[in-house]
file final.pdb (PDB, C-alpha atoms, pLDDT in the B column)
ATOM      1  CA  MET C   1       4.812  10.537  -4.584  1.00 96.00           C
ATOM      2  CA  GLY C   2       2.367   7.660  -4.312  1.00 97.00           C
ATOM      3  CA  THR C   3       2.622   7.586  -0.530  1.00 96.00           C
ATOM      4  CA  THR C   4       2.228  11.354  -0.274  1.00 97.00           C
ATOM      5  CA  TYR C   5      -0.935  11.253  -2.368  1.00 98.00           C
ATOM      6  CA  LEU C   6      -2.216   8.315  -0.323  1.00 98.00           C
ATOM      7  CA  MET C   7      -1.763  10.089   2.986  1.00 96.00           C
ATOM      8  CA  VAL C   8      -3.695  13.145   1.788  1.00 97.00           C
ATOM      9  CA  ARG C   9      -6.418  10.799   0.499  1.00 97.00           C
ATOM     10  CA  ARG C  10      -5.847  11.520  -3.195  1.00 98.00           C
ATOM     11  CA  TYR C  11      -6.147   7.882  -4.176  1.00 98.00           C
ATOM     12  CA  ASP C  12      -6.344   8.190  -7.957  1.00 98.00           C
ATOM     13  CA  GLU C  13      -3.114  10.196  -8.042  1.00 98.00           C
ATOM     14  CA  SER C  14      -1.515   7.697  -5.678  1.00 98.00           C
ATOM     15  CA  ILE C  15      -2.500   4.832  -7.958  1.00 98.00           C
ATOM     16  CA  SER C  16      -1.083   6.601 -11.016  1.00 98.00           C
ATOM     17  CA  ALA C  17       2.199   7.384  -9.263  1.00 98.00           C
ATOM     18  CA  CYS C  18       2.583   3.797  -8.057  1.00 98.00           C
ATOM     19  CA  LYS C  19       1.866   2.330 -11.476  1.00 98.00           C
ATOM     20  CA  LYS C  20       4.492   4.615 -12.967  1.00 97.00           C
ATOM     21  CA  ALA C  21       7.019   3.591 -10.305  1.00 97.00           C
ATOM     22  CA  LEU C  22       6.366  -0.072 -11.071  1.00 97.00           C
ATOM     23  CA  GLU C  23       6.806   0.260 -14.840  1.00 96.00           C
ATOM     24  CA  GLY C  24      10.522  -0.335 -14.700  1.00 87.00           C
ATOM     25  CA  ASN C  25      10.846  -2.110 -11.377  1.00 95.00           C
ATOM     26  CA  PHE C  26       8.411  -4.861 -10.370  1.00 96.00           C
ATOM     27  CA  ARG C  27      10.351  -5.461  -7.148  1.00 97.00           C
ATOM     28  CA  ASN C  28       9.495  -1.999  -5.775  1.00 97.00           C
ATOM     29  CA  LEU C  29       7.826  -3.168  -2.555  1.00 97.00           C
ATOM     30  CA  SER C  30       6.902   0.332  -1.454  1.00 97.00           C
ATOM     31  CA  ALA C  31       4.984   0.973  -4.666  1.00 98.00           C
ATOM     32  CA  HIS C  32       3.106  -2.347  -4.374  1.00 98.00           C
ATOM     33  CA  LEU C  33       2.182  -1.615  -0.753  1.00 98.00           C
ATOM     34  CA  THR C  34       1.011   1.895  -1.522  1.00 98.00           C
ATOM     35  CA  LEU C  35      -0.946   0.649  -4.515  1.00 98.00           C
ATOM     36  CA  ALA C  36      -2.708  -1.946  -2.346  1.00 98.00           C
ATOM     37  CA  MET C  37      -3.562   0.741   0.218  1.00 98.00           C
ATOM     38  CA  ALA C  38      -4.808   3.218  -2.389  1.00 98.00           C
ATOM     39  CA  TYR C  39      -7.002   0.622  -4.064  1.00 98.00           C
ATOM     40  CA  SER C  40      -8.456  -0.671  -0.797  1.00 98.00           C
ATOM     41  CA  SER C  41      -9.047   2.868   0.469  1.00 98.00           C
ATOM     42  CA  SER C  42     -10.993   3.682  -2.687  1.00 98.00           C
ATOM     43  CA  ASP C  43     -12.968   0.406  -2.456  1.00 98.00           C
ATOM     44  CA  LYS C  44     -11.439  -1.087  -5.606  1.00 98.00           C
ATOM     45  CA  MET C  45     -11.160  -4.456  -3.952  1.00 98.00           C
ATOM     46  CA  ASP C  46     -10.261  -6.664  -6.929  1.00 98.00           C
ATOM     47  CA  GLU C  47      -7.345  -4.364  -7.696  1.00 98.00           C
ATOM     48  CA  ALA C  48      -6.405  -4.161  -3.993  1.00 98.00           C
ATOM     49  CA  ARG C  49      -6.224  -7.946  -3.725  1.00 98.00           C
ATOM     50  CA  ALA C  50      -4.129  -8.146  -6.903  1.00 98.00           C
ATOM     51  CA  ALA C  51      -1.719  -5.545  -5.508  1.00 98.00           C
ATOM     52  CA  ALA C  52      -1.578  -7.448  -2.201  1.00 98.00           C
ATOM     53  CA  SER C  53      -0.718 -10.601  -4.146  1.00 98.00           C
ATOM     54  CA  ASP C  54       2.149  -8.714  -5.785  1.00 98.00           C
ATOM     55  CA  VAL C  55       3.368  -7.600  -2.344  1.00 98.00           C
ATOM     56  CA  LEU C  56       3.654 -11.259  -1.367  1.00 98.00           C
ATOM     57  CA  LYS C  57       5.492 -12.103  -4.588  1.00 98.00           C
ATOM     58  CA  VAL C  58       8.129  -9.527  -3.714  1.00 98.00           C
ATOM     59  CA  SER C  59       8.096 -10.176   0.042  1.00 98.00           C
ATOM     60  CA  PRO C  60       6.601 -13.603   0.857  1.00 98.00           C
ATOM     61  CA  ASN C  61       6.945 -13.130   4.624  1.00 97.00           C
ATOM     62  CA  PHE C  62       5.376  -9.650   4.694  1.00 98.00           C
ATOM     63  CA  SER C  63       3.673  -8.759   7.987  1.00 98.00           C
ATOM     64  CA  VAL C  64       1.303  -5.819   8.379  1.00 98.00           C
ATOM     65  CA  GLU C  65       2.072  -5.623  12.082  1.00 96.00           C
ATOM     66  CA  HIS C  66       5.847  -5.460  11.623  1.00 96.00           C
ATOM     67  CA  PHE C  67       5.544  -3.013   8.740  1.00 96.00           C
ATOM     68  CA  ALA C  68       3.186  -0.662  10.583  1.00 93.00           C
ATOM     69  CA  GLN C  69       5.338  -0.665  13.724  1.00 91.00           C
ATOM     70  CA  ALA C  70       8.413   0.319  11.704  1.00 94.00           C
ATOM     71  CA  LEU C  71       6.767   3.366  10.122  1.00 92.00           C
ATOM     72  CA  PRO C  72       8.036   6.701  11.431  1.00 90.00           C
ATOM     73  CA  PHE C  73       4.632   8.379  11.758  1.00 92.00           C
ATOM     74  CA  LYS C  74       4.190  11.106  14.324  1.00 93.00           C
ATOM     75  CA  HIS C  75       0.465  10.441  14.661  1.00 95.00           C
ATOM     76  CA  GLU C  76      -0.825   7.015  15.612  1.00 95.00           C
ATOM     77  CA  GLU C  77      -3.915   7.455  13.437  1.00 96.00           C
ATOM     78  CA  ASP C  78      -1.667   7.435  10.351  1.00 96.00           C
ATOM     79  CA  ARG C  79      -0.176   4.096  11.397  1.00 96.00           C
ATOM     80  CA  VAL C  80      -3.682   2.722  11.992  1.00 96.00           C
ATOM     81  CA  PHE C  81      -4.845   3.980   8.581  1.00 97.00           C
ATOM     82  CA  VAL C  82      -1.956   2.208   6.836  1.00 97.00           C
ATOM     83  CA  ALA C  83      -2.437  -1.052   8.728  1.00 98.00           C
ATOM     84  CA  ASP C  84      -6.196  -1.052   8.183  1.00 98.00           C
ATOM     85  CA  ALA C  85      -5.822  -0.346   4.459  1.00 98.00           C
ATOM     86  CA  LEU C  86      -3.331  -3.195   4.052  1.00 98.00           C
ATOM     87  CA  ARG C  87      -5.532  -5.616   5.977  1.00 98.00           C
ATOM     88  CA  LYS C  88      -8.546  -4.549   3.909  1.00 98.00           C
ATOM     89  CA  ALA C  89      -6.499  -5.413   0.789  1.00 98.00           C
ATOM     90  CA  GLY C  90      -6.027  -8.916   2.196  1.00 98.00           C
ATOM     91  CA  LEU C  91      -2.604  -8.790   3.805  1.00 98.00           C
ATOM     92  CA  LYS C  92      -1.925 -10.143   7.281  1.00 98.00           C
TER      93      LYS C  92
END

call {"tool": "encode", "arguments": {"input": "final.pdb", "output": "structure tokens"}}
result
Amino acid sequence: MGTTYLMVRRYDESISACKKALEGNFRNLSAHLTLAMAYSSSDKMDEARAAASDVLKVSPNFSVEHFAQALPFKHEEDRVFVADALRKAGLK
């Protein structure tokens, strides 16, 4: 749900869904990534950087480029949005 809310630019709902997903499973990489994107997209940069730090705790070798290229988006602008939001959160 967090990713769906993110992609329709409903960031607060995305954040809530991701936090709920993480309650019982800190290793949920998808939730950490989506949380970082939702925070950075809503200009909550301290929270975005904290979420990005959690991404690296779960996946120390995370790469925005590799992640974005693997996404099955039909429209390139969606891939660009995701990559830009992750970079804005501080991921490389």

call {"tool": "resolve_selection", "arguments": {"input": "final.pdb", "expression": "the PyMOL selection byres ((chain C and resi 81) around 12)", "output": "list in words"}}
result
Leu6, Met7, Val8, Arg9, Thr34, Met37, Ala38, Ser40, Ser41, Val64, Ala68, Leu71, Phe73, His75, Glu76, Glu77, Asp78, Arg79, Val80, Val82, Ala83, Asp84, Ala85, Leu86, Arg87 and Lys88 of chain C

call {"tool": "axis_aligned_box", "arguments": {"input": "final.pdb", "around": "stretch 70-80 of chain C", "padding_each_side": "6 Å", "output": "lines of an AutoDock Vina configuration file"}}
result
center_x = 2.2
center_y = 5.7
center_z = 12.9
size_x = 24.3
size_y = 22.8
size_z = 17.5

call {"tool": "resolve_selection", "arguments": {"input": "final.pdb", "expression": "the PyMOL selection byres ((chain C and resi 91) around 9)", "output": "list in words"}}
result
Arg49, Ala52, Ser53, Val55, Leu56, Phe62, Ser63, Val64, Leu86, Arg87, Lys88, Ala89, Gly90 and Lys92 of chain C

call {"tool": "atom_distance", "arguments": {"input": "final.pdb", "atom1": "atom CA of C:Glu65", "atom2": "atom CA of C:Gly24"}}
result
28.6 Å

call {"tool": "atom_distance", "arguments": {"input": "final.pdb", "atom1": "atom CA of C:Ser59", "atom2": "atom CA of C:Ala36"}}
result
13.8 Å

call {"tool": "atom_distance", "arguments": {"input": "final.pdb", "atom1": "atom CA of C:Asp12", "atom2": "atom CA of C:His32"}}
result
14.6 Å

call {"tool": "resolve_selection", "arguments": {"input": "final.pdb", "expression": "the PyMOL selection byres ((chain C and resi 30) around 10)", "output": "list in words"}}
result
Gly2, Thr3, Cys18, Ala21, Leu22, Arg27, Asn28, Leu29, Ala31, His32, Leu33, Thr34, Leu35, Ala36 and Val55 of chain C
